[in-house]
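The structure file input11.txt is reproduced below (compact mmCIF, C-alpha atoms and all ligand atoms).
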# COMPACT_ATOMS: atom_id res chain seq x y z
CA MET A 1 36.61 41.32 14.72
CA PRO A 2 33.67 42.45 16.85
CA PHE A 3 31.11 39.76 17.43
CA GLU A 4 27.75 39.40 19.09
CA ILE A 5 26.93 36.87 21.79
CA LEU A 6 23.42 35.44 21.89
CA ARG A 7 21.94 32.86 24.22
CA ALA A 8 19.21 30.26 23.88
CA GLU A 9 17.91 27.29 25.84
CA ALA A 10 18.61 24.01 24.04
CA ARG A 11 16.39 20.94 24.16
CA SER A 12 19.31 18.50 24.11
CA ILE A 13 23.09 18.64 24.14
CA LEU A 14 24.36 15.30 22.84
CA THR A 15 23.81 14.33 19.21
CA PRO A 16 24.44 10.83 17.86
CA VAL A 17 27.13 11.15 15.19
CA THR A 18 27.08 9.95 11.60
CA GLY A 19 29.58 10.04 8.72
CA PHE A 20 33.22 10.96 9.41
CA LEU A 21 32.94 10.99 13.21
CA ARG A 22 31.02 7.73 13.37
CA GLU A 23 33.60 6.13 11.10
CA ALA A 24 36.25 7.45 13.46
CA GLY A 25 34.57 5.64 16.36
CA PHE A 26 32.73 8.42 18.18
CA THR A 27 29.16 7.90 19.38
CA HIS A 28 28.04 11.49 20.11
CA SER A 29 29.00 15.11 19.60
CA LEU A 30 28.54 17.90 22.12
CA THR A 31 28.20 21.38 20.64
CA PRO A 32 27.97 24.21 23.19
CA ALA A 33 27.16 26.98 20.69
CA ARG A 34 25.91 27.67 17.18
CA ASN A 35 28.35 29.57 14.93
CA CYS A 36 31.97 30.20 15.93
CA THR A 37 33.62 33.56 16.54
CA PHE A 38 37.00 32.36 15.27
CA GLY A 39 35.37 32.67 11.82
CA CYS A 40 38.12 30.75 9.99
CA SER A 41 38.13 31.22 6.21
CA TYR A 42 38.36 27.46 5.60
CA CYS A 43 35.72 26.32 8.11
CA TYR A 44 33.55 23.56 6.64
CA VAL A 45 30.69 24.11 9.11
CA PRO A 46 28.86 26.91 7.23
CA THR A 47 28.83 24.71 4.11
CA MET A 48 26.63 22.28 6.06
CA ARG A 49 23.87 24.88 6.43
CA VAL A 50 20.76 23.33 8.04
CA GLN A 51 22.48 19.91 8.28
CA GLY A 52 24.89 21.60 10.69
CA GLY A 53 21.98 22.93 12.76
CA LEU A 54 22.59 26.45 11.43
CA LYS A 55 20.22 29.26 10.57
CA PRO A 56 20.72 31.29 7.34
CA THR A 57 22.25 34.18 9.28
CA ASP A 58 24.91 31.77 10.57
CA TRP A 59 26.19 30.70 7.17
CA THR A 60 25.87 34.17 5.63
CA HIS A 61 27.65 35.82 8.61
CA TRP A 62 30.00 33.09 9.76
CA GLY A 63 32.00 34.22 12.79
CA HIS A 64 30.05 37.45 13.31
CA HIS A 65 27.95 36.08 16.15
CA THR A 66 27.46 32.95 18.21
CA THR A 67 24.48 31.55 20.09
CA PHE A 68 25.43 29.76 23.30
CA LYS A 69 23.31 26.93 24.64
CA ALA A 70 22.83 28.53 28.03
CA ASN A 71 21.66 25.31 29.71
CA ALA A 72 24.44 23.16 28.19
CA ALA A 73 25.98 22.11 31.51
CA ALA A 74 22.67 21.05 33.06
CA LEU A 75 21.74 19.10 29.94
CA ALA A 76 25.17 17.45 29.82
CA ALA A 77 24.93 16.37 33.46
CA ARG A 78 21.70 14.53 32.61
CA ALA A 79 22.89 13.10 29.28
CA PHE A 80 26.23 11.50 30.14
CA ARG A 81 26.21 7.69 30.05
CA PRO A 82 28.88 4.99 30.25
CA GLY A 83 30.22 3.88 26.86
CA GLN A 84 29.73 7.24 25.14
CA ARG A 85 32.66 8.53 23.09
CA ILE A 86 31.98 12.23 22.74
CA TYR A 87 33.56 14.75 20.35
CA CYS A 88 33.27 18.40 21.45
CA SER A 89 32.74 19.80 18.88
CA PRO A 90 32.41 19.29 15.14
CA LEU A 91 30.35 22.49 14.72
CA THR A 92 32.07 25.16 16.82
CA ASP A 93 35.23 25.61 18.84
CA PRO A 94 34.45 25.15 22.55
CA TYR A 95 37.17 27.75 23.32
CA GLN A 96 36.15 30.26 20.65
CA PRO A 97 36.82 33.94 21.54
CA ALA A 98 33.28 34.42 22.89
CA GLU A 99 33.90 31.67 25.48
CA ALA A 100 36.36 34.01 27.25
CA THR A 101 33.42 35.97 28.66
CA GLU A 102 30.58 33.44 28.44
CA ARG A 103 32.43 30.61 30.25
CA LEU A 104 30.18 27.71 29.37
CA MET A 105 32.91 25.06 29.35
CA PRO A 106 33.62 25.11 33.11
CA GLY A 107 30.08 23.93 33.81
CA ILE A 108 30.37 21.16 31.22
CA LEU A 109 33.71 20.03 32.66
CA GLU A 110 32.26 20.15 36.20
CA ALA A 111 29.41 17.93 34.99
CA LEU A 112 31.95 15.56 33.47
CA ALA A 113 33.98 15.48 36.67
CA SER A 114 31.03 14.93 38.96
CA THR A 115 28.70 12.66 37.02
CA PRO A 116 28.27 9.21 38.59
CA VAL A 117 28.12 7.80 35.02
CA PRO A 118 31.07 9.26 33.10
CA PRO A 119 31.33 8.71 29.34
CA GLU A 120 34.15 6.49 28.13
CA VAL A 121 35.94 9.17 26.11
CA PHE A 122 35.54 12.96 25.96
CA VAL A 123 37.52 14.84 23.31
CA ILE A 124 37.89 18.61 23.22
CA GLN A 125 38.71 19.78 19.70
CA THR A 126 40.05 23.33 19.83
CA ARG A 127 42.51 25.89 18.59
CA GLY A 128 41.72 28.20 21.48
CA THR A 129 44.47 28.98 23.99
CA GLY A 130 41.69 29.77 26.50
CA VAL A 131 41.54 26.04 27.23
CA LEU A 132 44.41 26.64 29.67
CA GLY A 133 42.04 28.67 31.85
CA ASP A 134 40.24 25.42 32.67
CA LEU A 135 43.34 23.37 33.52
CA GLU A 136 42.20 22.33 37.00
CA LEU A 137 38.78 21.30 35.72
CA LEU A 138 40.39 19.38 32.86
CA ARG A 139 42.46 17.51 35.41
CA LYS A 140 39.39 16.74 37.52
CA ALA A 141 37.47 15.50 34.47
CA ALA A 142 40.48 13.46 33.29
CA ALA A 143 40.39 11.61 36.60
CA ARG A 144 36.88 10.37 35.75
CA THR A 145 37.05 9.70 32.01
CA THR A 146 39.50 9.42 29.13
CA LEU A 147 39.78 13.11 28.38
CA ARG A 148 41.80 14.24 25.39
CA VAL A 149 42.52 17.65 23.94
CA SER A 150 43.00 17.66 20.18
CA PHE A 151 44.68 20.99 19.56
CA SER A 152 44.77 22.40 16.02
CA VAL A 153 47.86 23.96 14.50
CA THR A 154 47.56 24.54 10.78
CA THR A 155 50.86 25.91 9.46
CA ASP A 156 54.36 26.93 10.51
CA ARG A 157 54.02 30.29 8.72
CA GLU A 158 52.65 33.18 10.73
CA ASP A 159 51.94 35.19 7.54
CA VAL A 160 49.79 32.31 6.25
CA ARG A 161 48.02 31.97 9.59
CA ARG A 162 47.11 35.64 9.60
CA ILE A 163 45.58 35.35 6.12
CA PHE A 164 43.46 32.23 6.68
CA GLU A 165 42.61 32.49 10.40
CA PRO A 166 43.29 36.05 11.59
CA HIS A 167 41.18 35.62 14.76
CA CYS A 168 43.06 32.56 16.03
CA ALA A 169 46.09 32.73 18.30
CA PRO A 170 49.59 32.99 16.77
CA ILE A 171 51.32 29.71 16.05
CA GLU A 172 53.85 29.88 18.87
CA ALA A 173 51.13 30.58 21.43
CA ARG A 174 49.40 27.43 20.23
CA TRP A 175 52.51 25.27 20.62
CA ARG A 176 53.01 26.74 24.09
CA THR A 177 49.43 25.78 24.95
CA ILE A 178 49.99 22.20 23.80
CA GLU A 179 53.19 22.00 25.83
CA ALA A 180 51.49 23.45 28.92
CA LEU A 181 48.65 20.92 28.67
CA ARG A 182 51.17 18.11 28.34
CA ARG A 183 53.18 19.33 31.34
CA ALA A 184 49.95 19.42 33.33
CA GLY A 185 49.37 15.75 32.55
CA ILE A 186 46.52 16.26 30.09
CA GLU A 187 46.55 13.88 27.11
CA VAL A 188 47.03 16.25 24.18
CA PHE A 189 47.33 15.67 20.45
CA ALA A 190 48.61 18.06 17.79
CA THR A 191 46.03 18.09 15.01
CA LEU A 192 47.36 19.62 11.79
CA ALA A 193 44.00 20.37 10.24
CA PRO A 194 43.48 21.73 7.77
CA ILE A 195 47.06 21.76 6.53
CA LEU A 196 47.58 25.28 5.21
CA PRO A 197 50.50 26.31 3.00
CA CYS A 198 53.59 25.53 5.04
CA ASP A 199 56.87 23.67 5.22
CA PRO A 200 55.14 20.36 6.03
CA LEU A 201 58.17 18.59 7.45
CA ALA A 202 59.06 21.55 9.68
CA LEU A 203 55.45 21.62 10.91
CA LEU A 204 55.56 17.90 11.56
CA ARG A 205 58.87 18.11 13.44
CA ARG A 206 57.39 20.73 15.75
CA ALA A 207 54.33 18.55 16.35
CA LEU A 208 56.48 15.52 17.12
CA ALA A 209 58.56 17.55 19.57
CA ALA A 210 55.53 19.01 21.34
CA THR A 211 53.56 15.78 21.79
CA GLU A 212 54.04 12.10 22.57
CA GLY A 213 51.29 10.31 20.66
CA PRO A 214 50.30 10.08 17.01
CA VAL A 215 50.12 13.30 15.01
CA ILE A 216 46.77 13.71 13.28
CA ALA A 217 46.30 15.72 10.09
CA ASP A 218 43.92 16.50 7.29
CA PRO A 219 44.32 18.59 4.15
CA PHE A 220 41.53 20.81 2.83
CA HIS A 221 38.29 18.93 2.15
CA VAL A 222 37.63 19.29 -1.56
CA ARG A 223 34.71 17.99 -3.61
CA GLU A 224 36.91 15.80 -5.86
CA THR A 225 37.69 13.53 -2.94
CA LYS A 226 34.65 14.22 -0.76
CA ARG A 227 31.63 13.31 -2.85
CA SER A 228 29.10 14.48 -0.28
CA GLY A 229 28.94 16.43 2.95
CA ALA A 230 30.88 19.42 4.16
CA THR A 231 33.84 20.85 2.27
CA THR A 232 36.32 23.67 2.83
CA ARG A 233 34.65 27.07 2.55
CA GLU A 234 34.98 28.96 -0.70
CA ALA A 235 36.68 31.86 1.13
CA ALA A 236 39.77 29.67 1.67
CA ALA A 237 39.78 28.45 -1.94
CA ALA A 238 39.68 32.10 -3.07
CA ILE A 239 42.65 32.90 -0.83
CA CYS A 240 44.59 29.99 -2.37
CA ARG A 241 43.85 31.26 -5.88
CA ARG A 242 44.80 34.83 -4.97
CA HIS A 243 48.16 33.82 -3.48
CA GLY A 244 49.15 31.11 -5.97
CA TRP A 245 48.56 28.29 -3.46
CA GLU A 246 46.14 26.27 -5.66
CA GLU A 247 48.18 23.08 -5.21
CA TRP A 248 47.06 22.96 -1.55
CA LEU A 249 43.55 22.26 -2.93
CA ASP A 250 44.73 19.50 -5.28
CA PRO A 251 43.98 15.87 -4.24
CA ALA A 252 47.14 14.57 -5.99
CA PHE A 253 49.23 17.09 -4.04
CA HIS A 254 47.43 16.02 -0.84
CA ARG A 255 48.38 12.38 -1.44
CA GLU A 256 52.05 13.26 -1.92
CA LEU A 257 52.03 15.57 1.09
CA LEU A 258 50.48 12.97 3.39
CA ALA A 259 52.83 10.23 2.13
CA GLU A 260 55.86 12.43 2.75
CA MET A 261 54.69 13.34 6.27
CA THR A 262 53.82 9.70 7.07
CA ALA A 263 57.30 8.56 6.02
CA SER A 264 59.01 11.32 7.95
CA ALA A 265 57.07 10.51 11.12
CA ALA A 266 57.84 6.80 10.68
CA ASN A 267 61.56 7.64 10.42
CA ALA A 268 61.22 9.32 13.79
CA GLY A 269 59.47 6.21 15.15
CA ARG A 270 56.12 7.96 15.38
CA LEU A 271 52.68 7.56 13.85
CA PHE A 272 51.20 10.16 11.51
CA CYS A 273 47.58 9.54 10.56
CA HIS A 274 44.74 11.29 8.76
CA GLY A 275 41.09 10.95 7.78
CA PRO A 276 38.61 9.02 9.96
CA GLY A 277 41.38 6.56 10.91
CA GLY A 278 43.49 9.43 12.16
CA PHE A 279 40.71 11.04 14.16
CA GLY A 280 39.81 7.54 15.35
CA ARG A 281 42.95 7.69 17.50
CA LEU A 282 41.12 10.25 19.61
CA ALA A 283 38.12 7.96 20.12
CA LEU A 284 40.00 4.91 21.35
CA SER A 285 39.37 3.67 24.84
CA ARG A 286 42.33 4.08 27.20
CA GLU A 287 43.17 0.35 27.02
CA LEU A 288 43.27 0.30 23.22
CA SER A 289 45.19 3.55 22.89
CA SER A 290 47.95 2.29 25.14
CA GLY A 291 48.48 -0.65 22.73
CA THR A 292 51.05 -0.63 19.97
CA GLY A 293 48.77 -1.37 16.99
CA SER A 294 48.68 0.96 14.04
CA LEU A 295 45.80 2.14 11.89
S1 LIG A 301 37.66 27.23 15.01
FE1 LIG A 301 36.83 25.44 13.97
S2 LIG A 301 34.60 25.68 14.10
FE2 LIG A 301 35.52 27.68 14.56
S3 LIG A 301 35.52 28.77 12.62
FE3 LIG A 301 37.54 27.79 12.86
S4 LIG A 301 37.34 25.79 11.83
FE4 LIG A 301 35.25 26.58 12.16
Rewrite the structure from the file as structure tokens, please.
Amino acid sequence: MPFEILRAEARSILTPVTGFLREAGFTHSLTPARNCTFGCSYCYVPTMRVQGGLKPTDWTHWGHHTTFKANAAALAARAFRPGQRIYCSPLTDPYQPAEATERLMPGILEALASTPVPPEVFVIQTRGTGVLGDLELLRKAAARTTLRVSFSVTTDREDVRRIFEPHCAPIEARWRTIEALRRAGIEVFATLAPILPCDPLALLRRALAATEGPVIADPFHVRETKRSGATTREAAAAICRRHGWEEWLDPAFHRELLAEMTASAANAGRLFCHGPGGFGRLALSRELSSGTGSL
């Protein structure tokens, strides 16, 4: 999909978090751009509208353009403080397709690696294989702070992936990215979110094989279980209805799915977690995460 890249100077780069991320244990989010050129059909961000810092053209043309915060690295260098647990990002993918040419993340990682006052935890949430282009910088930053990559894989079915997220990398390329990050010594989590139609136990087995830590997951966010705030975009619900996948929107089905995956992971001696508690695994300080407690 062709997309347009815009640039603007931002006034600030770190935002104190509320809701889901605060419950998970994060203190701030860092969002390098507005709108995301992956343009996933299920993305909850456009449903947040102005609460997500968006302009009307963002939620009416989700994925068609993105506005980079051109001064993000300079702002980040001034904003980092000890004790911060930062999630990058709840509102865009830091390795969205437009990042391949704009290259904002290297400056942010350089700031992270060189700040005299590194944050406690810095989490990169992405489904972009372009993260591998910054491997050396990730290593440098990981030497200064607890840096984690939470890498999203949503299904084990390539046909399903192409329908819901046609602008994201194929599934195997994503597993290879996770494995390459792990080999490079970067702490990486497989995040199965949102869980799209799939063979859930096959997806889980692949995640367990590719990673060492807990596997994090979340089904679609639907209004029945999420009384307020962002929910899965209507475009994904329409796809489910069109293909006979309505059960993947059903809270009762979600409960069974998560219970089955939790039990299967436990049989393998591993932790499978979801919701704020699951994402909270990403926010833990290094000392706590090396413990054996469970959520
Ligand atoms: S990559 Fe994330 S932020 Fe970007 S469109 Fe997809 S779900 Fe939304």
Using only C-alpha atoms and all ligand atoms, which protein or nucleic acid residues are at most 9 Å from ligand LIG 301 (chain A), as number ranges by chain?
A: 35-46, 62-63, 89-96, 125-128, 152, 165, 167-168, 193-194
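One finds atom CA of Phe26 of chain A at 14.0 Å from atom CA of Phe80 of chain A.
Distances to Leu249 of chain A were evaluated for A:Val222, A:Ala143, A:Leu104, A:Cys198 using all atoms listed in the file, and the minimum falls at A:Val222.
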Using only C-alpha atoms, what residues lie at most 10 Å away from (51.6, 27.6, 21.8) (file coordinates), given as an mmCIF file with C-alpha atoms, keeping the file's coordinate frame?
data_model
loop_
_atom_site.group_PDB
_atom_site.id
_atom_site.type_symbol
_atom_site.label_atom_id
_atom_site.label_comp_id
_atom_site.auth_asym_id
_atom_site.auth_seq_id
_atom_site.Cartn_x
_atom_site.Cartn_y
_atom_site.Cartn_z
ATOM 1 C CA ARG A 127 42.510 25.890 18.590
ATOM 2 C CA GLY A 128 41.720 28.200 21.480
ATOM 3 C CA THR A 129 44.470 28.980 23.990
ATOM 4 C CA PHE A 151 44.680 20.990 19.560
ATOM 5 C CA VAL A 153 47.860 23.960 14.500
ATOM 6 C CA ALA A 169 46.090 32.730 18.300
ATOM 7 C CA PRO A 170 49.590 32.990 16.770
ATOM 8 C CA ILE A 171 51.320 29.710 16.050
ATOM 9 C CA GLU A 172 53.850 29.880 18.870
ATOM 10 C CA ALA A 173 51.130 30.580 21.430
ATOM 11 C CA ARG A 174 49.400 27.430 20.230
ATOM 12 C CA TRP A 175 52.510 25.270 20.620
ATOM 13 C CA ARG A 176 53.010 26.740 24.090
ATOM 14 C CA THR A 177 49.430 25.780 24.950
ATOM 15 C CA ILE A 178 49.990 22.200 23.800
ATOM 16 C CA GLU A 179 53.190 22.000 25.830
ATOM 17 C CA ALA A 180 51.490 23.450 28.920
ATOM 18 C CA ALA A 210 55.530 19.010 21.340
#
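Picture a line from atom CA of Thr145 of chain A to atom CA of Pro116 of chain A; it runs 11.0 Å.
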Thr191 of chain A surroundings by only C-alpha atoms, 12 Å radius, close-in-sequence under 6 positions cut, as a PDB file with C-alpha atoms, in the frame of the given file:
ATOM      1  CA  ILE A 124      37.890  18.610  23.220  1.00  0.00           C
ATOM      2  CA  GLN A 125      38.710  19.780  19.700  1.00  0.00           C
ATOM      3  CA  THR A 126      40.050  23.330  19.830  1.00  0.00           C
ATOM      4  CA  ARG A 127      42.510  25.890  18.590  1.00  0.00           C
ATOM      5  CA  ARG A 148      41.800  14.240  25.390  1.00  0.00           C
ATOM      6  CA  VAL A 149      42.520  17.650  23.940  1.00  0.00           C
ATOM      7  CA  SER A 150      43.000  17.660  20.180  1.00  0.00           C
ATOM      8  CA  PHE A 151      44.680  20.990  19.560  1.00  0.00           C
ATOM      9  CA  SER A 152      44.770  22.400  16.020  1.00  0.00           C
ATOM     10  CA  VAL A 153      47.860  23.960  14.500  1.00  0.00           C
ATOM     11  CA  THR A 154      47.560  24.540  10.780  1.00  0.00           C
ATOM     12  CA  THR A 155      50.860  25.910   9.460  1.00  0.00           C
ATOM     13  CA  ARG A 174      49.400  27.430  20.230  1.00  0.00           C
ATOM     14  CA  TRP A 175      52.510  25.270  20.620  1.00  0.00           C
ATOM     15  CA  ILE A 178      49.990  22.200  23.800  1.00  0.00           C
ATOM     16  CA  LEU A 203      55.450  21.620  10.910  1.00  0.00           C
ATOM     17  CA  LEU A 204      55.560  17.900  11.560  1.00  0.00           C
ATOM     18  CA  ARG A 206      57.390  20.730  15.750  1.00  0.00           C
ATOM     19  CA  ALA A 207      54.330  18.550  16.350  1.00  0.00           C
ATOM     20  CA  LEU A 208      56.480  15.520  17.120  1.00  0.00           C
ATOM     21  CA  ALA A 210      55.530  19.010  21.340  1.00  0.00           C
ATOM     22  CA  THR A 211      53.560  15.780  21.790  1.00  0.00           C
ATOM     23  CA  GLY A 213      51.290  10.310  20.660  1.00  0.00           C
ATOM     24  CA  PRO A 214      50.300  10.080  17.010  1.00  0.00           C
ATOM     25  CA  VAL A 215      50.120  13.300  15.010  1.00  0.00           C
ATOM     26  CA  ILE A 216      46.770  13.710  13.280  1.00  0.00           C
ATOM     27  CA  ALA A 217      46.300  15.720  10.090  1.00  0.00           C
ATOM     28  CA  ASP A 218      43.920  16.500   7.290  1.00  0.00           C
ATOM     29  CA  PRO A 219      44.320  18.590   4.150  1.00  0.00           C
ATOM     30  CA  PHE A 272      51.200  10.160  11.510  1.00  0.00           C
ATOM     31  CA  CYS A 273      47.580   9.540  10.560  1.00  0.00           C
ATOM     32  CA  HIS A 274      44.740  11.290   8.760  1.00  0.00           C
ATOM     33  CA  GLY A 275      41.090  10.950   7.780  1.00  0.00           C
ATOM     34  CA  GLY A 278      43.490   9.430  12.160  1.00  0.00           C
ATOM     35  CA  PHE A 279      40.710  11.040  14.160  1.00  0.00           C
ATOM     36  CA  ARG A 281      42.950   7.690  17.500  1.00  0.00           C
ATOM     37  CA  LEU A 282      41.120  10.250  19.610  1.00  0.00           C
TER      38      LEU A 282
END
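Atom CA of Pro16 of chain A is positioned 24.9 Å from atom CA of Arg223 of chain A.
Of the residues listed (A:Ala79, A:Ile186, A:Leu201, A:Arg162), A:Arg162 shows the shortest atom-to-atom separation from Ile239 of chain A; distances use only C-alpha atoms.
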What's the 12 Å shell around Thr101 of chain A, counting all atoms listed in the file, without same-chain residues fewer than 3 positions away, as a ChimeraX atom specification?
/A:4-5,68,95-98,104-106,130,133
Nearest-residue call for Thr31 of chain A, choices A:Cys88, A:Asp58, A:Ala74, A:Thr67, using all atoms listed in the file
A:Cys88
Is there a way to get, as a PDB file with C-alpha atoms, keeping the file's coordinate frame, all residues within 8 Å of the point (50.8, 31.9, 2.4) in file coordinates, counting only C-alpha atoms?
ATOM      1  CA  ARG A 157      54.020  30.290   8.720  1.00  0.00           C
ATOM      2  CA  ASP A 159      51.940  35.190   7.540  1.00  0.00           C
ATOM      3  CA  VAL A 160      49.790  32.310   6.250  1.00  0.00           C
ATOM      4  CA  ARG A 161      48.020  31.970   9.590  1.00  0.00           C
ATOM      5  CA  ILE A 163      45.580  35.350   6.120  1.00  0.00           C
ATOM      6  CA  LEU A 196      47.580  25.280   5.210  1.00  0.00           C
ATOM      7  CA  PRO A 197      50.500  26.310   3.000  1.00  0.00           C
ATOM      8  CA  CYS A 198      53.590  25.530   5.040  1.00  0.00           C
ATOM      9  CA  HIS A 243      48.160  33.820  -3.480  1.00  0.00           C
ATOM     10  CA  TRP A 245      48.560  28.290  -3.460  1.00  0.00           C
TER      11      TRP A 245
END
For Ala70 of chain A, please output as a PDB file with C-alpha atoms, in the coordinates of the input all residues within 6 Å (counting all atoms listed in the file; exclusion window: fewer than 5 positions along the same chain).
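Okay, result05.pdb is ready:
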ATOM      1  CA  ARG A   7      21.940  32.860  24.220  1.00  0.00           C
ATOM      2  CA  ALA A   8      19.210  30.260  23.880  1.00  0.00           C
ATOM      3  CA  GLU A   9      17.910  27.290  25.840  1.00  0.00           C
TER       4      GLU A   9
END
Fewer than 2 positions away in the same chain doesn't count, so skip those; otherwise give me all residues within 10 Å of Gly185 of chain A, counting only C-alpha atoms, as a list in words.
Leu135, Leu138, Arg139, Ala142, Glu179, Ala180, Leu181, Arg182, Arg183, Glu187 and Val188 of chain A
For C-alpha atoms, I'd like the residues from the last selection saved as a PDB file, keeping the file's coordinate frame.
ATOM      1  CA  LEU A 135      43.340  23.370  33.520  1.00  0.00           C
ATOM      2  CA  LEU A 138      40.390  19.380  32.860  1.00  0.00           C
ATOM      3  CA  ARG A 139      42.460  17.510  35.410  1.00  0.00           C
ATOM      4  CA  ALA A 142      40.480  13.460  33.290  1.00  0.00           C
ATOM      5  CA  GLU A 179      53.190  22.000  25.830  1.00  0.00           C
ATOM      6  CA  ALA A 180      51.490  23.450  28.920  1.00  0.00           C
ATOM      7  CA  LEU A 181      48.650  20.920  28.670  1.00  0.00           C
ATOM      8  CA  ARG A 182      51.170  18.110  28.340  1.00  0.00           C
ATOM      9  CA  ARG A 183      53.180  19.330  31.340  1.00  0.00           C
ATOM     10  CA  GLU A 187      46.550  13.880  27.110  1.00  0.00           C
ATOM     11  CA  VAL A 188      47.030  16.250  24.180  1.00  0.00           C
TER      12      VAL A 188
END
Quick one: everything within 10 Å of Gly83 of chain A, counting all atoms listed in the file, minus sequence neighbours fewer than 4 positions away in the same chain. Send it as a PDB file with C-alpha atoms, in the frame of the given file.
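Saved as out_28.pdb:
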ATOM      1  CA  THR A  27      29.160   7.900  19.380  1.00  0.00           C
ATOM      2  CA  VAL A 117      28.120   7.800  35.020  1.00  0.00           C
ATOM      3  CA  PRO A 118      31.070   9.260  33.100  1.00  0.00           C
ATOM      4  CA  PRO A 119      31.330   8.710  29.340  1.00  0.00           C
ATOM      5  CA  GLU A 120      34.150   6.490  28.130  1.00  0.00           C
ATOM      6  CA  VAL A 121      35.940   9.170  26.110  1.00  0.00           C
ATOM      7  CA  SER A 285      39.370   3.670  24.840  1.00  0.00           C
TER       8      SER A 285
END
Hey, could you patch up segment 150-165 of chain A with N, CA and C atoms and hand it over as an mmCIF file, in the coordinates of the input?
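What landed in selection15.cif:
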data_model
loop_
_atom_site.group_PDB
_atom_site.id
_atom_site.type_symbol
_atom_site.label_atom_id
_atom_site.label_comp_id
_atom_site.auth_asym_id
_atom_site.auth_seq_id
_atom_site.Cartn_x
_atom_site.Cartn_y
_atom_site.Cartn_z
ATOM 1 N N SER A 150 42.457 17.694 21.537
ATOM 2 C CA SER A 150 43.000 17.660 20.180
ATOM 3 C C SER A 150 43.170 19.113 19.766
ATOM 4 N N PHE A 151 44.429 19.561 19.736
ATOM 5 C CA PHE A 151 44.680 20.990 19.560
ATOM 6 C C PHE A 151 45.168 21.267 18.139
ATOM 7 N N SER A 152 44.486 22.160 17.444
ATOM 8 C CA SER A 152 44.770 22.400 16.020
ATOM 9 C C SER A 152 45.881 23.423 15.826
ATOM 10 N N VAL A 153 46.852 23.035 15.018
ATOM 11 C CA VAL A 153 47.860 23.960 14.500
ATOM 12 C C VAL A 153 47.895 23.699 12.994
ATOM 13 N N THR A 154 47.849 24.731 12.205
ATOM 14 C CA THR A 154 47.560 24.540 10.780
ATOM 15 C C THR A 154 48.734 24.824 9.841
ATOM 16 N N THR A 155 49.743 25.517 10.320
ATOM 17 C CA THR A 155 50.860 25.910 9.460
ATOM 18 C C THR A 155 52.037 26.300 10.352
ATOM 19 N N ASP A 156 53.214 26.394 9.757
ATOM 20 C CA ASP A 156 54.360 26.930 10.510
ATOM 21 C C ASP A 156 54.658 28.364 10.072
ATOM 22 N N ARG A 157 53.784 28.930 9.250
ATOM 23 C CA ARG A 157 54.020 30.290 8.720
ATOM 24 C C ARG A 157 53.016 31.270 9.316
ATOM 25 N N GLU A 158 53.529 32.212 10.080
ATOM 26 C CA GLU A 158 52.650 33.180 10.730
ATOM 27 C C GLU A 158 51.937 34.067 9.700
ATOM 28 N N ASP A 159 52.605 34.376 8.568
ATOM 29 C CA ASP A 159 51.940 35.190 7.540
ATOM 30 C C ASP A 159 50.745 34.430 6.948
ATOM 31 N N VAL A 160 50.894 33.124 6.781
ATOM 32 C CA VAL A 160 49.790 32.310 6.250
ATOM 33 C C VAL A 160 48.666 32.231 7.284
ATOM 34 N N ARG A 161 49.030 32.038 8.527
ATOM 35 C CA ARG A 161 48.020 31.970 9.590
ATOM 36 C C ARG A 161 47.177 33.234 9.636
ATOM 37 N N ARG A 162 47.856 34.369 9.513
ATOM 38 C CA ARG A 162 47.110 35.640 9.600
ATOM 39 C C ARG A 162 46.127 35.796 8.438
ATOM 40 N N ILE A 163 46.459 35.222 7.286
ATOM 41 C CA ILE A 163 45.580 35.350 6.120
ATOM 42 C C ILE A 163 44.343 34.444 6.266
ATOM 43 N N PHE A 164 44.570 33.188 6.649
ATOM 44 C CA PHE A 164 43.460 32.230 6.680
ATOM 45 C C PHE A 164 42.653 32.275 7.981
ATOM 46 N N GLU A 165 43.312 32.572 9.092
ATOM 47 C CA GLU A 165 42.610 32.490 10.400
ATOM 48 C C GLU A 165 43.088 33.645 11.287
#
